[in-house]
file final27.txt (compact mmCIF, C-alpha atoms)
# COMPACT_ATOMS: atom_id res chain seq x y z
CA MET A 1 -35.45 174.65 -80.36
CA VAL A 2 -33.69 175.17 -77.02
CA TYR A 3 -31.11 177.91 -76.52
CA LEU A 4 -28.33 176.54 -74.31
CA LYS A 5 -25.44 178.52 -72.88
CA HIS A 6 -21.94 177.10 -73.34
CA SER A 7 -21.87 176.31 -69.61
CA GLU A 8 -25.13 174.36 -69.94
CA ILE A 9 -23.81 172.38 -72.90
CA SER A 10 -20.68 171.57 -70.86
CA LEU A 11 -22.85 170.44 -67.93
CA ILE A 12 -24.77 168.03 -70.18
CA GLU A 13 -21.56 166.71 -71.75
CA ASN A 14 -19.86 166.14 -68.40
CA PHE A 15 -22.97 164.62 -66.84
CA VAL A 16 -23.46 161.96 -69.51
CA ALA A 17 -19.71 161.22 -69.76
CA TRP A 18 -19.86 159.06 -66.59
CA PRO A 19 -18.64 156.34 -66.43
CA ARG A 20 -17.09 155.80 -69.88
CA GLY A 21 -15.58 159.23 -70.52
CA PRO A 22 -15.88 162.13 -73.01
CA GLY A 23 -17.87 161.39 -76.15
CA TYR A 24 -20.00 158.71 -74.52
CA VAL A 25 -23.50 158.84 -73.04
CA LEU A 26 -23.61 156.87 -69.78
CA ARG A 27 -23.20 153.14 -70.51
CA PHE A 28 -24.96 153.11 -73.86
CA SER A 29 -23.44 151.27 -76.79
CA ASP A 30 -24.22 152.51 -80.29
CA ASN A 31 -27.04 149.98 -80.58
CA THR A 32 -28.58 150.47 -77.15
CA TYR A 33 -28.36 154.26 -77.59
CA ALA A 34 -30.34 154.08 -80.85
CA GLU A 35 -32.83 151.69 -79.24
CA PHE A 36 -33.29 153.98 -76.23
CA PHE A 37 -34.30 156.94 -78.40
CA LYS A 38 -36.42 154.82 -80.72
CA ASP A 39 -38.27 152.88 -78.01
CA GLU A 40 -38.85 155.74 -75.59
CA PHE A 41 -39.31 158.72 -77.91
CA GLN A 42 -39.73 157.41 -81.48
CA ILE A 43 -36.64 159.40 -82.46
CA GLU A 44 -33.85 158.28 -84.82
CA ILE A 45 -30.93 159.77 -82.92
CA TYR A 46 -28.48 158.79 -85.69
CA ASP A 47 -30.48 160.72 -88.26
CA PRO A 48 -28.09 162.90 -90.34
CA VAL A 49 -29.81 166.02 -88.97
CA TYR A 50 -28.08 165.36 -85.62
CA GLN A 51 -24.61 164.74 -87.06
CA ASP A 52 -23.53 168.34 -87.56
CA ARG A 53 -21.37 168.43 -84.41
CA GLY A 54 -19.64 165.09 -84.93
CA PRO A 55 -20.22 161.32 -84.85
CA SER A 56 -20.05 160.63 -81.10
CA LYS A 57 -23.11 159.79 -79.02
CA ARG A 58 -22.52 162.92 -76.94
CA ASN A 59 -22.46 165.14 -80.02
CA HIS A 60 -25.66 163.60 -81.34
CA LEU A 61 -27.29 164.37 -77.99
CA ILE A 62 -26.17 167.99 -77.95
CA SER A 63 -27.28 168.50 -81.55
CA PHE A 64 -30.66 167.02 -80.66
CA CYS A 65 -30.99 169.36 -77.67
CA LEU A 66 -30.19 172.42 -79.79
CA LYS A 67 -32.63 171.52 -82.57
CA GLU A 68 -35.74 170.15 -80.89
CA PRO A 69 -38.55 171.78 -78.84
CA ALA A 70 -38.02 172.28 -75.12
CA GLY A 71 -40.68 169.75 -74.12
CA ILE A 72 -39.08 166.73 -75.79
CA VAL A 73 -35.55 167.85 -74.82
CA ALA A 74 -36.60 168.03 -71.16
CA ARG A 75 -38.14 164.55 -71.36
CA VAL A 76 -34.99 163.01 -72.86
CA LEU A 77 -32.65 164.69 -70.37
CA SER A 78 -34.90 163.78 -67.46
CA MET A 79 -34.82 160.11 -68.43
CA LEU A 80 -31.04 160.25 -68.82
CA ALA A 81 -30.85 161.68 -65.29
CA ASP A 82 -32.91 158.74 -64.05
CA LYS A 83 -30.70 156.29 -65.96
CA ARG A 84 -27.51 157.71 -64.47
CA ARG A 85 -28.97 157.54 -60.97
CA GLN A 86 -29.90 153.88 -61.55
CA PHE A 87 -26.43 153.07 -62.89
CA ALA A 88 -24.81 154.89 -59.97
CA ASP A 89 -26.89 153.06 -57.38
CA ALA A 90 -25.75 149.74 -58.85
CA SER A 91 -22.11 150.74 -59.28
CA PRO A 92 -19.31 149.91 -56.78
CA ALA A 93 -17.78 153.28 -57.73
CA PRO A 94 -20.62 155.83 -58.08
CA PRO A 95 -19.80 159.27 -59.51
CA GLN A 96 -18.40 161.88 -57.12
CA ASP A 97 -18.68 164.83 -59.50
CA GLY A 98 -21.66 166.48 -57.83
CA LEU A 99 -23.42 167.01 -61.17
CA GLN A 100 -26.74 165.28 -60.45
CA ASP A 101 -28.42 168.24 -58.72
CA PRO A 102 -27.20 170.92 -61.19
CA PHE A 103 -28.24 168.72 -64.10
CA GLU A 104 -31.72 168.15 -62.71
CA ALA A 105 -32.03 171.89 -62.09
CA LEU A 106 -31.14 172.49 -65.76
CA VAL A 107 -33.79 169.98 -66.85
CA ALA A 108 -36.37 171.74 -64.67
CA GLY A 109 -35.43 175.05 -66.28
CA ILE A 110 -35.82 173.59 -69.77
CA GLU A 111 -39.23 172.23 -68.81
CA THR A 112 -40.41 175.77 -68.05
CA ARG A 113 -39.54 176.73 -71.63
CA ALA A 114 -41.86 174.09 -73.10
CA ASP A 115 -44.73 176.57 -73.23
CA GLN A 116 -42.76 179.03 -75.34
CA PRO A 117 -43.49 179.80 -79.00
CA LEU A 118 -41.65 177.43 -81.32
CA THR A 119 -38.75 178.92 -83.29
CA ASP A 120 -38.32 176.16 -85.86
CA ALA A 121 -39.78 178.41 -88.57
CA LEU A 122 -36.86 180.83 -88.10
CA TYR A 123 -33.69 179.49 -89.69
CA LEU A 124 -30.51 180.64 -91.38
CA TYR A 125 -31.55 180.39 -95.02
CA GLU A 126 -28.26 182.03 -96.07
CA GLN A 127 -24.92 182.83 -94.45
CA ASP A 128 -25.26 186.48 -93.60
CA ARG A 129 -24.00 188.14 -90.42
CA SER A 130 -27.06 190.33 -89.93
CA LEU A 131 -29.34 187.30 -90.38
CA VAL A 132 -27.32 185.27 -87.85
CA GLU A 133 -27.59 188.08 -85.30
CA LEU A 134 -31.29 188.53 -86.02
CA VAL A 135 -32.20 184.84 -85.63
CA THR A 136 -30.02 184.47 -82.53
CA ASP A 137 -31.66 187.49 -80.92
CA LEU A 138 -35.14 186.19 -81.75
CA GLN A 139 -34.35 182.78 -80.27
CA ARG A 140 -32.98 184.26 -77.06
CA THR A 141 -35.98 186.53 -76.64
CA LEU A 142 -38.37 183.64 -77.15
CA GLU A 143 -36.40 181.40 -74.78
CA ARG A 144 -37.26 184.02 -72.15
CA ASN A 145 -40.90 183.63 -73.27
CA LYS A 146 -41.18 187.26 -74.39
CA PRO A 147 -42.98 187.19 -77.77
CA GLU A 148 -44.16 190.77 -77.20
CA ALA A 149 -40.50 191.85 -77.32
CA ALA A 150 -39.81 189.87 -80.50
CA LEU A 151 -42.51 191.13 -82.87
CA ASP A 152 -40.48 193.92 -84.43
CA ARG A 153 -37.61 191.52 -85.20
CA LEU A 154 -40.01 188.90 -86.50
CA HIS A 155 -41.26 191.55 -88.95
CA THR A 156 -37.66 192.28 -89.98
CA TYR A 157 -37.01 188.57 -90.47
CA CYS A 158 -40.08 188.27 -92.71
CA MET A 159 -39.05 191.28 -94.78
CA LYS A 160 -35.59 189.81 -95.35
CA TYR A 161 -36.90 186.29 -95.95
CA PHE A 162 -39.40 187.16 -98.68
CA ALA A 163 -36.91 189.47 -100.37
CA TYR A 164 -34.48 186.53 -100.40
CA LEU A 165 -37.04 184.04 -101.76
CA LEU A 166 -38.05 186.47 -104.49
CA SER A 167 -34.40 187.14 -105.39
CA LEU A 168 -33.94 183.40 -105.99
CA ARG A 169 -36.61 183.76 -108.66
CA GLY A 170 -35.06 186.85 -110.21
CA ILE A 171 -37.59 189.23 -108.67
CA GLU A 172 -36.32 192.33 -106.89
CA CYS A 173 -37.96 194.16 -103.99
CA THR A 174 -37.80 197.87 -103.34
CA ASP A 175 -37.20 199.37 -99.93
CA LYS A 176 -40.68 200.92 -100.03
CA GLU A 177 -42.53 197.62 -100.53
CA ALA A 178 -44.45 196.60 -97.42
CA LEU A 179 -44.34 193.08 -96.05
CA HIS A 180 -47.73 192.05 -97.40
CA ALA A 181 -46.75 193.30 -100.87
CA ARG A 182 -43.63 191.13 -100.84
CA PHE A 183 -45.65 188.16 -99.69
CA GLY A 184 -48.22 188.81 -102.44
CA LYS A 185 -45.45 188.56 -105.02
CA TYR A 186 -44.24 185.34 -103.44
CA ARG A 187 -47.76 183.86 -103.48
CA ASN A 188 -47.97 184.58 -107.20
CA CYS A 189 -44.74 182.59 -107.64
CA LEU A 190 -46.23 179.67 -105.74
CA LEU A 191 -49.32 179.70 -107.93
CA ALA A 192 -47.11 179.54 -111.01
CA GLU A 193 -44.84 176.81 -109.61
CA THR A 194 -47.24 174.39 -107.98
CA ASN A 195 -50.86 173.33 -107.87
CA LEU A 196 -51.92 174.57 -104.45
CA GLN A 197 -54.92 172.89 -102.91
CA GLU A 198 -57.90 175.19 -102.44
CA ILE A 199 -57.47 175.34 -98.66
CA SER A 200 -53.76 176.15 -98.98
CA ASP A 201 -54.43 178.93 -101.48
CA LEU A 202 -57.13 180.30 -99.18
CA ALA A 203 -54.58 180.36 -96.36
CA MET A 204 -52.11 182.19 -98.61
CA LYS A 205 -54.76 184.78 -99.49
CA SER A 206 -55.58 185.34 -95.84
CA ALA A 207 -51.87 185.68 -95.09
CA ILE A 208 -51.72 188.79 -97.27
CA SER A 209 -54.35 190.49 -95.13
CA ILE A 210 -52.80 189.28 -91.88
CA LEU A 211 -49.34 190.47 -92.86
CA GLU A 212 -50.79 193.84 -93.82
CA LYS A 213 -52.12 194.13 -90.25
CA PHE A 214 -48.79 192.87 -88.97
CA ASN A 215 -47.19 195.96 -90.52
CA ASP A 216 -49.38 198.07 -88.24
CA VAL A 217 -48.55 195.92 -85.21
CA ARG A 218 -44.86 196.39 -85.92
CA ASN A 219 -45.22 200.16 -86.37
CA SER A 220 -47.61 200.96 -83.51
CA ARG A 221 -47.63 198.04 -81.03
CA SER A 222 -44.04 196.81 -80.82
CA PHE A 223 -40.63 198.03 -79.66
CA ALA A 224 -39.90 199.31 -83.17
CA HIS A 225 -41.20 202.65 -81.86
CA ASP A 226 -42.10 204.24 -78.54
CA SER A 227 -45.58 202.74 -78.23
CA VAL A 228 -47.76 200.55 -76.05
CA ILE A 229 -46.87 196.98 -76.96
CA LEU A 230 -49.30 194.07 -77.21
CA ASP A 231 -49.93 192.04 -74.08
CA HIS A 232 -48.23 188.67 -73.75
CA GLN A 233 -51.05 186.39 -74.90
CA GLU A 234 -52.01 188.50 -77.90
CA ALA A 235 -48.38 188.89 -78.92
CA ARG A 236 -47.93 185.13 -78.74
CA TYR A 237 -51.02 184.61 -80.87
CA VAL A 238 -49.72 187.01 -83.52
CA PHE A 239 -46.30 185.38 -83.41
CA GLU A 240 -47.72 181.90 -83.89
CA ILE A 241 -50.00 182.94 -86.77
CA VAL A 242 -47.10 184.51 -88.67
CA THR A 243 -44.69 181.66 -87.99
CA ALA A 244 -47.31 179.13 -89.10
CA PHE A 245 -47.10 180.70 -92.58
CA LEU A 246 -43.29 180.66 -92.39
CA ARG A 247 -43.28 177.00 -91.38
CA PHE A 248 -45.34 176.02 -94.43
CA ILE A 249 -43.10 178.07 -96.71
CA ARG A 250 -39.92 176.58 -95.24
CA SER A 251 -41.31 173.10 -95.92
CA TYR A 252 -42.26 174.02 -99.48
CA GLU A 253 -38.87 175.59 -100.23
CA ALA A 254 -37.03 172.55 -98.84
CA GLY A 255 -38.93 170.29 -101.22
CA ARG A 256 -38.31 172.63 -104.13
CA VAL A 257 -34.50 172.50 -103.92

call {"tool": "encode", "arguments": {"input": "final27.txt", "output": "structure tokens"}}
result
Amino acid sequence: MVYLKHSEISLIENFVAWPRGPGYVLRFSDNTYAEFFKDEFQIEIYDPVYQDRGPSKRNHLISFCLKEPAGIVARVLSMLADKRRQFADASPAPPQDGLQDPFEALVAGIETRADQPLTDALYLYEQDRSLVELVTDLQRTLERNKPEAALDRLHTYCMKYFAYLLSLRGIECTDKEALHARFGKYRNCLLAETNLQEISDLAMKSAISILEKFNDVRNSRSFAHDSVILDHQEARYVFEIVTAFLRFIRSYEAGRV
């Protein structure tokens, strides 16, 4: 997932509007636009997941950029930059908007984010202001490639998330329950609801121990308190281990609805 400023979204929209105007992407028709994404990237750009901003080709592109990892977003935008340059070179009236260099600079900046931890495991599972602020802050911190500064908020997200999942099942959490205790309750629900494969259940068991240690990381090695934080690589490793569990759970919950 790529965090884009409003000015960056406007730059993309204005760049791809040439020569057909707002709402369009370069000279693509609906069919050639779909074929471009399918042939070059194996992506169904008209998938309903990219329709949340509206039906135009431009809106599908922006939705795609806001939802997908930085690496693939940079590749798509880079190829669109090449396409516009090719169209301009062959046009009797090439664009005079001066957007080519700023756009390519934006693409280069997005490429540098491709090595960042993925944030697809962190989503708005309910409409709650504190959750919106929490997820937004996590995404911005990770866009700056600072997982060491995000660990305390990742812990908070997990605490809220498992309390929410348990509440859906009529199970309440107390304020004194640690993260691994909440996850243990959730694992018991999974065992009752589905036939987990042995390897998946083993992963769930190990998650209890890992999340117990994550409590200590949050309390003594993060910005939750005045302490010496983990170094970058170790913080990233912890972040990716925890979000790997969250990614599996998000997938399971989506199939359960």

call {"tool": "closest_residue", "arguments": {"input": "final27.txt", "among": "A:Ser206, A:Glu253, A:Ser227, A:Ala17", "to": "Phe162 (chain A)", "atoms": "only C-alpha atoms"}}
result
A:Glu253

call {"tool": "closest_residue", "arguments": {"input": "final27.txt", "among": "A:Val76, A:Ala93, A:Leu138, A:Ala163", "to": "Tyr125 (chain A)", "atoms": "only C-alpha atoms"}}
result
A:Ala163

call {"tool": "residues_near_point", "arguments": {"input": "final27.txt", "point": "(-44.6, 183.0, -101.7)", "cutoff": "10 Å", "atoms": "only C-alpha atoms", "output": "PyMOL selection string"}}
result
chain A and resi 162+165-166+182-191+204+245-246+249+252-253

call {"tool": "residues_around", "arguments": {"input": "final27.txt", "residues": "Glu111 (chain A)", "least_positions_apart": "2", "cutoff": "10 Å", "atoms": "all atoms listed in the file", "output": "PyMOL selection string"}}
result
chain A and resi 70-75+78+105-109+113-115

call {"tool": "closest_residue", "arguments": {"input": "final27.txt", "among": "A:Ser209, A:Lys38, A:Glu193, A:Leu230", "to": "Arg169 (chain A)", "atoms": "only C-alpha atoms"}}
result
A:Glu193

call {"tool": "atom_distance", "arguments": {"input": "final27.txt", "atom1": "CA of Thr136 (chain A)", "atom2": "CA of Ser167 (chain A)"}}
result
23.4 Å

call {"tool": "closest_residue", "arguments": {"input": "final27.txt", "among": "A:Glu240, A:Asp89, A:Asp226, A:Glu13", "to": "Leu142 (chain A)", "atoms": "all atoms listed in the file"}}
result
A:Glu240

call {"tool": "residues_near_point", "arguments": {"input": "final27.txt", "point": "(-42.5, 179.0, -87.4)", "cutoff": "7 Å", "atoms": "all atoms listed in the file", "output": "JSON, numbers by chain"}}
result
{"A": [118, 119, 120, 121, 122, 240, 243, 244, 246, 247]}

call {"tool": "write_last_selection", "arguments": {"input": "final27.txt", "atoms": "C-alpha atoms", "output": "mmCIF file, in the frame of the given file"}}
result
data_model
loop_
_atom_site.group_PDB
_atom_site.id
_atom_site.type_symbol
_atom_site.label_atom_id
_atom_site.label_comp_id
_atom_site.auth_asym_id
_atom_site.auth_seq_id
_atom_site.Cartn_x
_atom_site.Cartn_y
_atom_site.Cartn_z
ATOM 1 C CA LEU A 118 -41.650 177.430 -81.320
ATOM 2 C CA THR A 119 -38.750 178.920 -83.290
ATOM 3 C CA ASP A 120 -38.320 176.160 -85.860
ATOM 4 C CA ALA A 121 -39.780 178.410 -88.570
ATOM 5 C CA LEU A 122 -36.860 180.830 -88.100
ATOM 6 C CA GLU A 240 -47.720 181.900 -83.890
ATOM 7 C CA THR A 243 -44.690 181.660 -87.990
ATOM 8 C CA ALA A 244 -47.310 179.130 -89.100
ATOM 9 C CA LEU A 246 -43.290 180.660 -92.390
ATOM 10 C CA ARG A 247 -43.280 177.000 -91.380
#

call {"tool": "atom_distance", "arguments": {"input": "final27.txt", "atom1": "CA of Gln127 (chain A)", "atom2": "CA of Thr174 (chain A)"}}
result
21.7 Å

call {"tool": "closest_residue", "arguments": {"input": "final27.txt", "among": "A:His232, A:Leu131, A:Leu61, A:Gly23", "to": "Ala150 (chain A)", "atoms": "all atoms listed in the file"}}
result
A:His232

call {"tool": "residues_around", "arguments": {"input": "final27.txt", "residues": "Leu77 (chain A)", "least_positions_apart": "5", "cutoff": "9 Å", "atoms": "all atoms listed in the file", "output": "list in words"}}
result
Ile12, Cys65, Ile72, Asp82, Phe103, Glu104 and Val107 of chain A

call {"tool": "residues_around", "arguments": {"input": "final27.txt", "residues": "Asn14 (chain A)", "least_positions_apart": "2", "cutoff": "12 Å", "atoms": "only C-alpha atoms", "output": "PDB file with C-alpha atoms, in the coordinates of the input"}}
result
ATOM      1  CA  SER A   7     -21.870 176.310 -69.610  1.00  0.00           C
ATOM      2  CA  GLU A   8     -25.130 174.360 -69.940  1.00  0.00           C
ATOM      3  CA  ILE A   9     -23.810 172.380 -72.900  1.00  0.00           C
ATOM      4  CA  SER A  10     -20.680 171.570 -70.860  1.00  0.00           C
ATOM      5  CA  LEU A  11     -22.850 170.440 -67.930  1.00  0.00           C
ATOM      6  CA  ILE A  12     -24.770 168.030 -70.180  1.00  0.00           C
ATOM      7  CA  VAL A  16     -23.460 161.960 -69.510  1.00  0.00           C
ATOM      8  CA  ALA A  17     -19.710 161.220 -69.760  1.00  0.00           C
ATOM      9  CA  TRP A  18     -19.860 159.060 -66.590  1.00  0.00           C
ATOM     10  CA  PRO A  19     -18.640 156.340 -66.430  1.00  0.00           C
ATOM     11  CA  ARG A  20     -17.090 155.800 -69.880  1.00  0.00           C
ATOM     12  CA  GLY A  21     -15.580 159.230 -70.520  1.00  0.00           C
ATOM     13  CA  PRO A  22     -15.880 162.130 -73.010  1.00  0.00           C
ATOM     14  CA  GLY A  23     -17.870 161.390 -76.150  1.00  0.00           C
ATOM     15  CA  TYR A  24     -20.000 158.710 -74.520  1.00  0.00           C
ATOM     16  CA  VAL A  25     -23.500 158.840 -73.040  1.00  0.00           C
ATOM     17  CA  LEU A  26     -23.610 156.870 -69.780  1.00  0.00           C
ATOM     18  CA  ARG A  58     -22.520 162.920 -76.940  1.00  0.00           C
ATOM     19  CA  ASN A  59     -22.460 165.140 -80.020  1.00  0.00           C
ATOM     20  CA  ILE A  62     -26.170 167.990 -77.950  1.00  0.00           C
ATOM     21  CA  PRO A  95     -19.800 159.270 -59.510  1.00  0.00           C
ATOM     22  CA  ASP A  97     -18.680 164.830 -59.500  1.00  0.00           C
ATOM     23  CA  GLY A  98     -21.660 166.480 -57.830  1.00  0.00           C
ATOM     24  CA  LEU A  99     -23.420 167.010 -61.170  1.00  0.00           C
ATOM     25  CA  GLN A 100     -26.740 165.280 -60.450  1.00  0.00           C
ATOM     26  CA  PRO A 102     -27.200 170.920 -61.190  1.00  0.00           C
ATOM     27  CA  PHE A 103     -28.240 168.720 -64.100  1.00  0.00           C
TER      28      PHE A 103
END

call {"tool": "closest_residue", "arguments": {"input": "final27.txt", "among": "A:Arg140, A:Arg221, A:Arg236, A:Lys160", "to": "Lys5 (chain A)", "atoms": "all atoms listed in the file"}}
result
A:Arg140

call {"tool": "decode", "arguments": {"input": "final27.txt", "residues": "region 37-62 of chain A", "atoms": "N, CA and C atoms", "output": "JSON list (two decimals), in the first residue's frame"}}
result
[["chain", "number", "residue", "atom", "x", "y", "z"],
["A", 37, "PHE", "N", -3.10, -3.53, -18.50],
["A", 37, "PHE", "CA", -2.85, -4.04, -17.15],
["A", 37, "PHE", "C", -2.75, -5.57, -17.15],
["A", 38, "LYS", "N", -3.59, -6.21, -17.94],
["A", 38, "LYS", "CA", -3.60, -7.67, -17.96],
["A", 38, "LYS", "C", -2.33, -8.20, -18.61],
["A", 39, "ASP", "N", -1.95, -7.65, -19.76],
["A", 39, "ASP", "CA", -0.80, -8.17, -20.49],
["A", 39, "ASP", "C", 0.52, -7.86, -19.79],
["A", 40, "GLU", "N", 0.65, -6.66, -19.25],
["A", 40, "GLU", "CA", 1.92, -6.24, -18.68],
["A", 40, "GLU", "C", 2.10, -6.65, -17.22],
["A", 41, "PHE", "N", 1.00, -6.72, -16.46],
["A", 41, "PHE", "CA", 1.12, -6.91, -15.02],
["A", 41, "PHE", "C", 0.23, -8.01, -14.45],
["A", 42, "GLN", "N", -0.56, -8.67, -15.30],
["A", 42, "GLN", "CA", -1.49, -9.70, -14.85],
["A", 42, "GLN", "C", -2.44, -9.15, -13.78],
["A", 43, "ILE", "N", -2.92, -7.95, -14.01],
["A", 43, "ILE", "CA", -3.82, -7.27, -13.07],
["A", 43, "ILE", "C", -5.15, -6.97, -13.78],
["A", 44, "GLU", "N", -6.25, -7.26, -13.10],
["A", 44, "GLU", "CA", -7.58, -6.91, -13.61],
["A", 44, "GLU", "C", -7.93, -5.53, -13.05],
["A", 45, "ILE", "N", -7.63, -4.49, -13.84],
["A", 45, "ILE", "CA", -7.79, -3.14, -13.33],
["A", 45, "ILE", "C", -9.25, -2.78, -13.10],
["A", 46, "TYR", "N", -10.19, -3.48, -13.76],
["A", 46, "TYR", "CA", -11.61, -3.22, -13.54],
["A", 46, "TYR", "C", -12.22, -4.12, -12.46],
["A", 47, "ASP", "N", -11.34, -4.76, -11.69],
["A", 47, "ASP", "CA", -11.81, -5.52, -10.54],
["A", 47, "ASP", "C", -12.57, -4.58, -9.60],
["A", 48, "PRO", "N", -13.67, -5.05, -9.00],
["A", 48, "PRO", "CA", -14.45, -4.18, -8.10],
["A", 48, "PRO", "C", -13.63, -3.55, -6.96],
["A", 49, "VAL", "N", -12.52, -4.17, -6.59],
["A", 49, "VAL", "CA", -11.71, -3.62, -5.50],
["A", 49, "VAL", "C", -11.15, -2.25, -5.85],
["A", 50, "TYR", "N", -11.05, -1.93, -7.16],
["A", 50, "TYR", "CA", -10.51, -0.65, -7.58],
["A", 50, "TYR", "C", -11.59, 0.34, -8.01],
["A", 51, "GLN", "N", -12.84, 0.07, -7.65],
["A", 51, "GLN", "CA", -13.95, 0.91, -8.09],
["A", 51, "GLN", "C", -14.46, 1.85, -7.00],
["A", 52, "ASP", "N", -13.77, 1.90, -5.87],
["A", 52, "ASP", "CA", -14.29, 2.66, -4.74],
["A", 52, "ASP", "C", -14.27, 4.18, -4.95],
["A", 53, "ARG", "N", -13.46, 4.66, -5.88],
["A", 53, "ARG", "CA", -13.37, 6.10, -6.11],
["A", 53, "ARG", "C", -14.21, 6.56, -7.30],
["A", 54, "GLY", "N", -14.74, 5.61, -8.07],
["A", 54, "GLY", "CA", -15.55, 5.97, -9.22],
["A", 54, "GLY", "C", -15.19, 5.12, -10.42],
["A", 55, "PRO", "N", -15.99, 5.22, -11.52],
["A", 55, "PRO", "CA", -15.86, 4.30, -12.64],
["A", 55, "PRO", "C", -14.82, 4.69, -13.69],
["A", 56, "SER", "N", -14.26, 5.89, -13.62],
["A", 56, "SER", "CA", -13.36, 6.34, -14.69],
["A", 56, "SER", "C", -12.03, 5.58, -14.64],
["A", 57, "LYS", "N", -11.33, 5.59, -15.76],
["A", 57, "LYS", "CA", -10.01, 4.95, -15.81],
["A", 57, "LYS", "C", -9.05, 5.60, -14.83],
["A", 58, "ARG", "N", -9.10, 6.91, -14.74],
["A", 58, "ARG", "CA", -8.25, 7.63, -13.79],
["A", 58, "ARG", "C", -8.50, 7.17, -12.36],
["A", 59, "ASN", "N", -9.77, 7.06, -11.99],
["A", 59, "ASN", "CA", -10.10, 6.67, -10.61],
["A", 59, "ASN", "C", -9.68, 5.24, -10.31],
["A", 60, "HIS", "N", -9.79, 4.37, -11.30],
["A", 60, "HIS", "CA", -9.30, 3.00, -11.11],
["A", 60, "HIS", "C", -7.79, 3.02, -10.86],
["A", 61, "LEU", "N", -7.08, 3.87, -11.59],
["A", 61, "LEU", "CA", -5.63, 3.96, -11.43],
["A", 61, "LEU", "C", -5.26, 4.46, -10.04],
["A", 62, "ILE", "N", -5.92, 5.51, -9.58],
["A", 62, "ILE", "CA", -5.60, 6.05, -8.26],
["A", 62, "ILE", "C", -5.93, 5.04, -7.17]]
